[in-house]
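These notes are about the structure you will find just below.
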Amino acid sequence: MTFCSGPTTPANPPRAEYHARSIVEESTAFTKPSWRTAGQAAALAALYFIAAKASLAFAIPPGYASPLWVPSGLALAACLLFGTRLWAGILIGAGLANLLVQQSFMAAVLIGTGNTLEPLAGVALVRRWIGTPQQLHSTGDALWFIAAAALSSLIAPTIAAAPLMLDHALPALALLTNWFTWWQGDVLGILIVTPLLLSWSARSTFEWTPLRILEAAAALTLAVLTAQWLFAERPQTGAPQPLPYMVLPFVLWAALRFRQREVTTVVGILSALALWHTIAGRGPLATGSSIESLAILLGFVVTLVAMGLVL
């Protein structure tokens, strides 16, 4: 199964051959900069900064960790599509974003460095475990992608722990809470945003007949209405709560009737609605404790992503 919605070619290179070729390409990319690379890096820096500003609107104090860090998924997708030569754009965008919320210039640079190393590690893991960055050939590949997201996302919050502790004087429990929120936000950013961008970046050969367009519109409308009904209500003590996994049939619908573009779009919309209402204290995922709610939300999104990518 592939991230791209077009047909796969029968002449896919073996994974070992692709891995060796990608190492050569990346090594020469660092030593041979071009104006095109500089322009792509500048565009990525701007997009990273904008996405970071939007994500910071959902930051949970103490600290400024966001439960959904969209730039992490954006950076990984950019590096998989255009190469790790764009690392400077990530560093600049992340550094500027952190400089706006950090009084210390060195702290902003250090945190930005962690944000830059994270997608580079993600690219290395994806290429080592999966091979071609835009293709998932089997169920195992989808699970390896989730594992790569979880492991690479450890880098940024771990590097950021030191400057946060020194600049904000966070106690141990608050620092641990901030670390988990940061890691969870980066994981969700990669799982939601990266497959979405990769699937929409590829040329589609899917035939959209009028009946298929009507079916897609109906599925999307029903999915949004169901998610809004599930997550918009405030939980009441003692009252039965609707099950959040009632939205799973819409992921199944998209996976069995459409392509990965539609699957990642449905997963992204459902995850965004669940996140929005859970942060506001609404819906069955909101337990009253922010750290517990975020952990349940993470499990919910991982389930949606895993089911969509596997199918």
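Ligands are numbered from 1 in the order shown, residues from 1 within each chain, and chains are lettered A, B, ... in the order they appear in the structure tokens.
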Enumerate the residues of segment 124-227 of chain A with a DSSP assignment of alpha helix (DSSP H), computed from the backbone, and present them as an MDAnalysis selection string.
-> chainID A and resid 124:129 139:152 155:168 172:201 210:227
Using only C-alpha atoms, which residues sit within 6 Å of Leu309 of chain A once same-chain residues fewer than 3 positions away are excluded, as a ChimeraX atom specification?
-> /A:142,305-306
Find the distance between atom CA of Ala65 of chain A and atom CA of Ala38 of chain A and write it in Å to one decimal.
->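 Rounded to one decimal, the two atoms are 29.4 Å apart.
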Kindly assemble as CSV a list of the segment 110-207 of chain A residues that lie within 12 Å of segment 43-53 of chain A, each paired with its nearest atom pair and their distance in Å to one decimal, using only C-alpha atoms, sorted first by chain and then by ascending residue number.
residue,atom,partner,partner_atom,distance
A:Gly112,CA,A:Phe49,CA,11.2
A:Asn115,CA,A:Tyr48,CA,10.5
A:Thr116,CA,A:Tyr48,CA,10.9
A:Gly185,CA,A:Ala52,CA,11.7
A:Asp186,CA,A:Ala52,CA,11.5
A:Gly189,CA,A:Ala51,CA,10.7
A:Val193,CA,A:Ala51,CA,11.2
Using all heavy atoms, can you write the selected residues to a file as a PDB file, in the first residue's frame?
ATOM      1  N   GLY A 112      15.446  25.056  18.755  1.00  0.00           N
ATOM      2  CA  GLY A 112      15.326  24.964  17.299  1.00  0.00           C
ATOM      3  C   GLY A 112      16.195  23.861  16.732  1.00  0.00           C
ATOM      4  O   GLY A 112      15.824  23.200  15.751  1.00  0.00           O
ATOM      5  N   ASN A 115      14.333  20.697  17.181  1.00  0.00           N
ATOM      6  CA  ASN A 115      13.283  20.613  16.167  1.00  0.00           C
ATOM      7  C   ASN A 115      13.838  20.229  14.795  1.00  0.00           C
ATOM      8  O   ASN A 115      13.125  19.622  13.979  1.00  0.00           O
ATOM      9  CB  ASN A 115      12.544  21.950  16.050  1.00  0.00           C
ATOM     10  CG  ASN A 115      11.765  22.307  17.298  1.00  0.00           C
ATOM     11  OD1 ASN A 115      11.712  23.465  17.702  1.00  0.00           O
ATOM     12  ND2 ASN A 115      11.164  21.318  17.923  1.00  0.00           N
ATOM     13  N   THR A 116      15.095  20.595  14.526  1.00  0.00           N
ATOM     14  CA  THR A 116      15.715  20.270  13.239  1.00  0.00           C
ATOM     15  C   THR A 116      16.208  18.830  13.203  1.00  0.00           C
ATOM     16  O   THR A 116      16.060  18.127  12.185  1.00  0.00           O
ATOM     17  CB  THR A 116      16.893  21.220  12.976  1.00  0.00           C
ATOM     18  OG1 THR A 116      16.434  22.576  13.045  1.00  0.00           O
ATOM     19  CG2 THR A 116      17.500  20.966  11.606  1.00  0.00           C
ATOM     20  N   GLY A 185       2.619  15.917  21.120  1.00  0.00           N
ATOM     21  CA  GLY A 185       2.284  16.847  20.051  1.00  0.00           C
ATOM     22  C   GLY A 185       3.087  16.596  18.790  1.00  0.00           C
ATOM     23  O   GLY A 185       2.562  16.681  17.670  1.00  0.00           O
ATOM     24  N   ASP A 186       4.377  16.271  18.958  1.00  0.00           N
ATOM     25  CA  ASP A 186       5.209  15.966  17.792  1.00  0.00           C
ATOM     26  C   ASP A 186       4.782  14.665  17.121  1.00  0.00           C
ATOM     27  O   ASP A 186       4.768  14.558  15.888  1.00  0.00           O
ATOM     28  CB  ASP A 186       6.678  15.885  18.209  1.00  0.00           C
ATOM     29  CG  ASP A 186       7.283  17.251  18.467  1.00  0.00           C
ATOM     30  OD1 ASP A 186       6.532  18.239  18.419  1.00  0.00           O
ATOM     31  OD2 ASP A 186       8.497  17.347  18.719  1.00  0.00           O
ATOM     32  N   GLY A 189       1.634  15.339  15.217  1.00  0.00           N
ATOM     33  CA  GLY A 189       1.938  16.137  14.032  1.00  0.00           C
ATOM     34  C   GLY A 189       2.455  15.285  12.895  1.00  0.00           C
ATOM     35  O   GLY A 189       2.071  15.471  11.728  1.00  0.00           O
ATOM     36  N   VAL A 193      -0.059  14.860   9.810  1.00  0.00           N
ATOM     37  CA  VAL A 193       0.305  15.788   8.741  1.00  0.00           C
ATOM     38  C   VAL A 193       1.163  15.129   7.666  1.00  0.00           C
ATOM     39  O   VAL A 193       0.952  15.351   6.465  1.00  0.00           O
ATOM     40  CB  VAL A 193       1.016  17.020   9.321  1.00  0.00           C
ATOM     41  CG1 VAL A 193       1.450  17.977   8.217  1.00  0.00           C
ATOM     42  CG2 VAL A 193       0.096  17.740  10.303  1.00  0.00           C
TER      43      VAL A 193
END
Segment 218-228 of chain A environment, 9 Å, only C-alpha atoms, sequence neighbours closer than 4 positions dropped, as a list in words =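 Using only C-alpha atoms, the neighbours found are Ile213, Leu214, Ala232, Glu233, Pro244, Met246, Val247, Pro249, Phe250, Val251, Trp253, Ala254, Val266, Ile269, Leu270, Leu273, Ala274 and His277 of chain A.
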What's the 8 Å shell around Leu191 of chain A, counting only C-alpha atoms, without same-chain residues fewer than 6 positions away, as a PyMOL selection string?
-> chain A and resi 73+146+149+302+305
With N, CA and C atoms retained, could you export that selection as a compact mmCIF listing (two decimals), in the first residue's frame?
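That gives us again.txt:
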# COMPACT_ATOMS: atom_id res chain seq x y z
N GLY A 73 5.25 17.37 11.45
CA GLY A 73 4.81 16.62 10.27
C GLY A 73 5.17 17.31 8.98
N ILE A 146 4.74 4.33 12.14
CA ILE A 146 4.28 4.80 13.45
C ILE A 146 5.41 4.73 14.47
N ALA A 149 7.80 7.58 13.90
CA ALA A 149 7.25 8.83 14.42
C ALA A 149 7.44 8.91 15.93
N VAL A 302 -3.67 7.39 17.17
CA VAL A 302 -2.83 6.29 16.68
C VAL A 302 -3.71 5.18 16.12
N VAL A 305 -4.97 6.35 12.69
CA VAL A 305 -3.90 6.36 11.70
C VAL A 305 -3.49 4.94 11.32
Counting only C-alpha atoms, the residue among A:Gly140, A:Gly83, A:Pro195, A:Gly114 that lies closest to Gly95 of chain A is A:Gly114
From the set A:Leu68, A:Ala41, A:Leu120, A:Ala160, which residue has the shortest atom-to-atom contact distance to Ile92 of chain A, counting only C-alpha atoms?
->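 Closest to Ile92 of chain A of all the choices is A:Ala41.
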